[in-house]
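**Q** Coordinates in model.cif, mmCIF, C-alpha atoms, are listed below.
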```cif
data_entry
#
loop_
_atom_site.label_atom_id
_atom_site.label_comp_id
_atom_site.auth_asym_id
_atom_site.auth_seq_id
_atom_site.Cartn_x
_atom_site.Cartn_y
_atom_site.Cartn_z
CA MET T 4 149.88 22.97 240.33
CA LEU T 5 147.99 24.86 237.62
CA ASP T 6 147.20 27.83 239.87
CA GLN T 7 150.55 27.91 241.71
CA ASP T 8 148.46 27.37 244.83
CA ALA T 9 150.10 24.31 246.30
CA ALA T 10 152.17 24.76 249.42
CA LEU T 11 155.85 23.91 248.98
CA PRO T 12 155.88 20.44 250.62
CA LEU T 13 152.82 19.40 248.62
CA ARG T 14 154.31 20.86 245.46
CA ALA T 15 157.49 18.87 245.98
CA ASP T 16 155.47 15.66 246.45
CA LEU T 17 153.47 16.37 243.32
CA GLU T 18 156.57 17.07 241.24
CA GLU T 19 158.11 13.84 242.49
CA HIS T 20 154.97 11.94 241.47
CA LEU T 21 154.88 13.57 238.04
CA ARG T 22 158.44 12.43 237.33
CA SER T 23 157.30 8.83 237.37
CA CYS T 24 153.63 8.96 236.35
CA GLU T 25 153.08 9.54 232.65
CA HIS T 26 149.30 9.52 233.05
CA CYS T 27 149.33 12.42 235.50
CA GLU T 28 151.97 14.32 233.59
CA ILE T 29 149.95 14.11 230.39
CA THR T 30 146.76 15.11 232.21
CA LEU T 31 148.49 18.12 233.78
CA ASN T 32 150.14 19.26 230.55
CA THR T 33 147.04 18.89 228.41
CA THR T 34 144.90 20.66 231.03
CA ARG T 35 147.44 23.49 231.13
CA LYS T 36 147.29 23.63 227.33
CA THR T 37 143.47 23.70 227.43
CA ILE T 38 143.51 26.81 229.60
CA GLN T 39 146.19 28.46 227.48
CA ILE T 40 144.26 27.85 224.26
CA TYR T 41 141.04 29.32 225.62
CA ARG T 42 142.92 32.33 227.00
CA SER T 43 144.50 33.04 223.64
CA HIS T 44 141.36 32.73 221.47
CA GLU T 45 138.62 35.33 221.64
CA LEU T 46 135.52 33.27 220.86
CA TYR T 47 133.09 36.18 220.81
CA GLU T 48 134.62 39.13 219.01
CA LEU T 49 132.87 42.47 219.37
CA PRO T 50 133.22 44.06 215.92
CA ASP T 51 133.84 47.81 215.86
CA ASP T 52 130.57 48.72 214.15
CA LEU T 53 128.52 46.69 216.63
CA ARG T 54 130.59 48.10 219.48
CA GLU T 55 129.80 51.68 218.44
CA ARG T 56 126.13 50.86 217.98
CA LEU T 57 125.96 49.34 221.46
CA HIS T 58 127.72 52.35 222.97
CA GLN T 59 125.28 54.76 221.36
CA ALA T 60 122.31 52.71 222.53
CA ILE T 61 123.67 52.43 226.09
CA LEU T 62 124.47 56.13 226.45
CA SER T 63 121.19 57.15 224.88
CA LYS T 64 119.26 55.02 227.38
CA CYS T 65 121.37 56.30 230.28
CA ARG T 66 120.68 59.92 229.34
CA LYS T 67 116.96 59.23 229.59
CA CYS T 68 117.28 57.92 233.17
CA MET R 102 128.38 60.62 231.87
CA ALA R 103 131.86 60.97 230.37
CA ALA R 104 133.29 58.91 233.22
CA PHE R 105 130.64 56.23 232.73
CA GLU R 106 131.31 56.16 229.00
CA LYS R 107 134.93 55.43 229.84
CA LEU R 108 133.81 52.47 231.95
CA VAL R 109 131.64 51.19 229.10
CA ARG R 110 134.62 51.32 226.74
CA GLN R 111 136.83 49.62 229.26
CA TYR R 112 134.57 46.65 230.00
CA ASP R 113 132.27 46.20 227.01
CA ARG R 114 134.26 43.38 225.43
CA GLN R 115 134.39 41.32 228.61
CA VAL R 116 130.69 41.83 229.31
CA PHE R 117 129.86 40.88 225.72
CA ARG R 118 131.98 37.74 226.11
CA ILE R 119 130.37 36.58 229.34
CA ALA R 120 126.89 37.37 227.99
CA ASN R 121 127.54 35.25 224.90
CA HIS R 122 128.86 32.38 226.99
CA ILE R 123 125.65 32.31 229.03
CA VAL R 124 122.90 33.05 226.49
CA GLN R 125 124.71 31.54 223.47
CA ASN R 126 122.77 33.80 221.16
CA ARG R 127 124.19 36.94 219.58
CA GLU R 128 121.03 39.06 219.68
CA ASP R 129 120.31 38.23 223.29
CA ALA R 130 123.93 38.93 224.19
CA GLU R 131 123.65 42.42 222.68
CA ASP R 132 120.53 43.07 224.76
CA VAL R 133 122.25 41.75 227.89
CA VAL R 134 125.18 44.12 227.36
CA GLN R 135 122.88 47.12 227.04
CA ASP R 136 120.70 46.13 229.97
CA ALA R 137 123.69 45.37 232.20
CA PHE R 138 125.35 48.73 231.60
CA LEU R 139 122.06 50.58 231.97
CA LYS R 140 121.35 48.83 235.26
CA ALA R 141 124.89 49.57 236.44
CA TYR R 142 124.39 53.24 235.59
CA GLU R 143 121.08 53.35 237.47
CA LYS R 144 122.65 51.68 240.51
CA LEU R 145 125.95 53.55 240.50
CA ASP R 146 125.11 55.22 243.78
CA GLN R 147 124.73 51.74 245.31
CA PHE R 148 128.25 50.68 244.32
CA GLN R 149 130.09 51.01 247.58
CA GLY R 150 133.61 50.29 246.36
CA ASN R 151 134.05 47.28 248.62
CA SER R 152 134.62 45.11 245.54
CA LYS R 153 136.09 45.84 242.16
CA PHE R 154 133.78 47.67 239.80
CA TYR R 155 134.29 44.91 237.22
CA THR R 156 133.12 42.11 239.54
CA TRP R 157 130.08 44.19 240.49
CA LEU R 158 129.33 44.86 236.82
CA VAL R 159 129.78 41.20 235.83
CA ARG R 160 127.41 40.14 238.60
CA ILE R 161 124.76 42.40 237.10
CA ALA R 162 125.51 41.03 233.61
CA VAL R 163 125.30 37.39 234.75
CA ASN R 164 121.91 38.04 236.37
CA GLU R 165 120.64 39.83 233.25
CA ALA R 166 121.82 36.94 231.08
CA LEU R 167 120.09 34.36 233.26
CA MET R 168 116.86 36.38 233.19
CA ARG R 169 117.06 36.55 229.42
CA LEU R 170 117.53 32.77 229.24
CA ARG R 171 114.50 32.39 231.47
CA LYS R 172 112.37 34.57 229.19
CA ARG R 173 113.47 32.50 226.22
CA ARG R 174 112.45 29.33 227.99
CA THR R 175 109.08 30.92 228.77
CA GLY R 176 109.14 31.05 232.50
CA LYS R 177 111.18 27.95 233.26
CA MET R 178 113.62 28.66 236.05
CA VAL R 179 117.18 28.99 234.84
CA SER R 180 120.11 28.68 237.13
CA ILE R 181 123.84 28.39 236.81
CA ASP R 182 123.45 25.32 238.97
CA GLU R 183 121.87 23.26 236.20
CA ASP R 184 123.60 19.96 235.48
CA VAL R 185 126.53 20.55 237.84
CA GLU R 186 126.02 17.16 239.43
CA THR R 187 127.29 15.34 236.34
CA GLU R 188 130.21 13.02 236.90
CA GLU R 189 131.60 13.61 233.42
CA GLY R 190 135.23 14.62 233.44
CA SER R 191 135.77 13.65 237.06
CA MET R 192 138.29 11.00 236.04
CA PRO R 193 140.33 11.68 232.91
CA ARG R 194 139.63 8.87 230.47
CA ASP R 195 141.46 9.98 227.36
CA LEU R 196 145.12 9.51 228.22
CA ALA R 197 146.53 10.24 224.81
CA ASP R 198 149.09 13.02 224.70
CA TRP R 199 148.40 15.96 222.47
CA SER R 200 150.19 17.17 219.41
CA PRO R 201 153.02 19.52 220.45
CA ASP R 202 151.29 22.36 218.57
CA PRO R 203 147.52 21.67 218.48
CA GLU R 204 146.78 25.11 217.08
CA ALA R 205 148.72 24.27 213.94
CA LEU R 206 146.33 21.40 213.20
CA TYR R 207 143.45 23.68 212.27
CA GLY R 208 142.84 27.01 210.60
CA GLN R 209 141.83 29.99 212.72
CA SER R 210 138.15 29.78 211.88
CA GLU R 211 137.94 26.02 212.37
CA MET R 212 139.75 26.31 215.69
CA GLY R 213 137.25 28.91 216.84
CA ASP R 214 134.39 26.60 215.91
CA ILE R 215 135.97 23.69 217.79
CA LEU R 216 136.58 25.75 220.92
CA ARG R 217 133.11 27.29 220.87
CA LYS R 218 131.34 23.99 220.32
CA THR R 219 133.37 22.36 223.07
CA ILE R 220 132.76 25.00 225.72
CA GLN R 221 129.08 25.25 224.80
CA GLY R 222 128.79 21.57 225.77
CA LEU R 223 129.66 22.34 229.39
CA PRO R 224 126.88 22.86 231.94
CA PRO R 225 126.35 26.64 232.33
CA GLY R 226 127.57 26.56 235.94
CA PHE R 227 130.95 25.16 234.91
CA ARG R 228 131.23 27.30 231.80
CA VAL R 229 130.75 30.59 233.65
CA VAL R 230 133.28 29.71 236.34
CA PHE R 231 135.86 28.68 233.74
CA VAL R 232 135.38 31.88 231.72
CA LEU R 233 135.61 34.15 234.75
CA ARG R 234 138.59 32.38 236.35
CA ASP R 235 140.69 31.11 233.51
CA VAL R 236 139.78 33.41 230.63
CA ASP R 237 139.04 36.70 232.42
CA GLY R 238 141.55 36.09 235.18
CA LEU R 239 139.32 36.82 238.17
CA SER R 240 140.52 35.36 241.44
CA THR R 241 138.67 32.52 243.16
CA GLU R 242 137.31 35.00 245.71
CA GLU R 243 136.16 37.45 243.02
CA THR R 244 134.50 34.65 241.05
CA ALA R 245 132.74 33.39 244.18
CA GLU R 246 131.49 36.89 244.98
CA THR R 247 130.35 37.52 241.41
CA LEU R 248 128.38 34.29 241.17
CA GLY R 249 127.17 34.06 244.77
CA LEU R 250 129.02 30.76 245.26
CA SER R 251 131.23 29.48 248.05
CA ILE R 252 134.97 29.27 247.40
CA PRO R 253 134.94 25.42 247.53
CA ALA R 254 132.09 25.43 244.96
CA VAL R 255 134.13 27.66 242.62
CA LYS R 256 137.20 25.43 242.98
CA SER R 257 135.19 22.26 242.39
CA ARG R 258 133.41 23.63 239.32
CA LEU R 259 136.64 25.02 237.91
CA LEU R 260 138.39 21.67 238.23
CA ARG R 261 135.48 19.84 236.62
CA ALA R 262 135.25 22.42 233.82
CA ARG R 263 138.96 22.17 233.05
CA LEU R 264 138.90 18.38 232.99
CA GLN R 265 135.76 18.18 230.86
CA LEU R 266 137.15 20.65 228.34
CA ARG R 267 140.45 18.78 228.23
CA GLU R 268 138.67 15.47 227.73
CA ARG R 269 136.52 16.82 224.89
CA LEU R 270 139.36 18.61 223.15
CA SER R 271 141.51 15.49 223.18
CA ARG R 272 139.70 14.05 220.18
CA TYR R 273 140.79 17.06 218.13
CA PHE R 274 144.30 17.57 219.50
CA LYS R 275 145.59 14.04 220.02
CA ARG R 276 149.10 13.43 218.81
CA ARG R 277 148.82 11.90 215.38
CA GLU R 278 151.15 9.17 214.24
CA PRO R 279 152.87 10.01 210.93
CA LYS R 280 151.35 8.08 208.01
CA GLN R 281 153.44 5.14 206.84
CA ALA R 282 155.26 5.90 203.57
CA GLN R 283 153.48 4.34 200.60
CA GLY R 284 155.50 1.54 198.96
CA GLY R 285 156.01 1.30 195.19
CA VAL R 286 156.24 4.92 194.12
CA LYS R 287 155.11 5.32 190.49
#
```
Please, can you express the file's structure as structure tokens?

**A**
Amino acid sequence: MLDQDAALPLRADLEEHLRSCEHCEITLNTTRKTIQIYRSHELYELPDDLRERLHQAILSKCRKC
Amino acid sequence: MAAFEKLVRQYDRQVFRIANHIVQNREDAEDVVQDAFLKAYEKLDQFQGNSKFYTWLVRIAVNEALMRLRKRRTGKMVSIDEDVETEEGSMPRDLADWSPDPEALYGQSEMGDILRKTIQGLPPGFRVVFVLRDVDGLSTEETAETLGLSIPAVKSRLLRARLQLRERLSRYFKRREPKQAQGGVK
């Protein structure tokens, strides 16, 4: 359901189940929310000054190859 | 060189992210980024174009990160297969629904800390799959190729990662009942 992978008949069965099963509906919704939250938060920002420093170091090393 | 510089600019943030998720140490992550791009440059003639450049690059970065972890642990073998046999998260235990807007419960910085701490608690093998599939948006096939895993292994680890993260985040995001109004206002 989360990856839009389920074939239509299975998807229909799952949707039917979700209509009457609060446990599964909550699990699905909170799992979906988990993915969405991690997608929308960059946990390891690359600050501009560090980014430029890394670029210079990388290109300098590559030129010496 | 100009073309390669363009590739560095295009992918540096993602490589930095995946390096941090594996080594969990800023200095090591910086070294991994440099080493990964340098190795990619040295091996450019070996890139045959039968996969995306990004998946090829990330494969190099993942291997560099694991080698760095190994050095830090002084020779102990490090693998993304560590601790993947855990049963945690296989069956959702916390059934409480979440607040309709969990991100409003915490400030930006606190939210970042919560999310980082939570994902760092996952076994590395689950963490990497989750980051590549759900955060970076690689397909199951691309993730499998990048990590040298079978497609069923990627699917299994992804499911377990999602459920473990959900379970752990529930303590922070559970729907909170409004406090009862205090009687006898002064």

**Q** Would you kindly translate the PyMOL selection byres ((chain R) within 8 of (chain T)) into the concrete residues it picks from this file, as an mmCIF file with C-alpha atoms, in the coordinates of the input?

**A**
```cif
data_model
loop_
_atom_site.group_PDB
_atom_site.id
_atom_site.type_symbol
_atom_site.label_atom_id
_atom_site.label_comp_id
_atom_site.auth_asym_id
_atom_site.auth_seq_id
_atom_site.Cartn_x
_atom_site.Cartn_y
_atom_site.Cartn_z
ATOM 1 C CA GLU R 106 131.310 56.160 229.000
ATOM 2 C CA VAL R 109 131.640 51.190 229.100
ATOM 3 C CA ARG R 110 134.620 51.320 226.740
ATOM 4 C CA ASP R 113 132.270 46.200 227.010
ATOM 5 C CA ARG R 114 134.260 43.380 225.430
ATOM 6 C CA PHE R 117 129.860 40.880 225.720
ATOM 7 C CA ARG R 118 131.980 37.740 226.110
ATOM 8 C CA ASN R 121 127.540 35.250 224.900
ATOM 9 C CA GLU R 131 123.650 42.420 222.680
ATOM 10 C CA VAL R 134 125.180 44.120 227.360
ATOM 11 C CA GLN R 135 122.880 47.120 227.040
ATOM 12 C CA ASP R 136 120.700 46.130 229.970
ATOM 13 C CA PHE R 138 125.350 48.730 231.600
ATOM 14 C CA LEU R 139 122.060 50.580 231.970
ATOM 15 C CA TYR R 142 124.390 53.240 235.590
ATOM 16 C CA GLU R 143 121.080 53.350 237.470
ATOM 17 C CA PRO R 193 140.330 11.680 232.910
ATOM 18 C CA LEU R 196 145.120 9.510 228.220
ATOM 19 C CA ALA R 197 146.530 10.240 224.810
ATOM 20 C CA ASP R 198 149.090 13.020 224.700
ATOM 21 C CA TRP R 199 148.400 15.960 222.470
ATOM 22 C CA GLY R 213 137.250 28.910 216.840
ATOM 23 C CA LEU R 216 136.580 25.750 220.920
ATOM 24 C CA ARG R 217 133.110 27.290 220.870
ATOM 25 C CA ASP R 235 140.690 31.110 233.510
ATOM 26 C CA VAL R 236 139.780 33.410 230.630
ATOM 27 C CA ASP R 237 139.040 36.700 232.420
ATOM 28 C CA ARG R 263 138.960 22.170 233.050
ATOM 29 C CA LEU R 264 138.900 18.380 232.990
ATOM 30 C CA LEU R 266 137.150 20.650 228.340
ATOM 31 C CA ARG R 267 140.450 18.780 228.230
ATOM 32 C CA LEU R 270 139.360 18.610 223.150
#
```

**Q** So how many Å separate CA of Gly226 in chain R and CA of Ala137 in chain R, to one decimal?

**A**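 Answer for the CA of Gly226 in chain R to CA of Ala137 in chain R separation: 19.6 Å.
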
**Q** Distance CA of Pro224 in chain R-CA of Glu204 in chain R, one decimal place?

**A**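 CA of Pro224 in chain R sits 24.9 Å away from CA of Glu204 in chain R.
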
**Q** Find the distance between CA of Gly222 in chain R and CA of Asp202 in chain R and write it in Å to one decimal.

**A**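 Value for the CA of Gly222 in chain R-CA of Asp202 in chain R distance: 23.6 Å.
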
**Q** Contacts of Lys218 in chain R at 12 Å or less, counting only C-alpha atoms, minus same-chain residues fewer than 6 places along, as an MDAnalysis selection string?

**A** (chainID T and resid 46) or (chainID R and resid 122 125 211:212 228 266 269:270 273)

**Q** Any chance you could work out the residue set of the PyMOL selection byres ((chain R and resi 256) around 10) here, as a list in words?

**A**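 Evaluating the PyMOL selection byres ((chain R and resi 256) around 10) on this file yields Val230, Phe231, Arg234, Thr241, Glu242, Thr244, Ala245, Ser251, Ile252, Pro253, Ala254, Val255, Ser257, Arg258, Leu259, Leu260, Arg261 and Ala262 of chain R.
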
**Q** Determine the axis-aligned bounding box of all atoms of range 13-27 of chain T present in the file, pad each side by 6 Å, and express its centre and edge lengths in Å to one decimal place as AutoDock Vina command-line options.

**A**
```
--center_x 153.9 --center_y 14.8 --center_z 240.6 --size_x 21.1 --size_y 24.0 --size_z 28.0
```
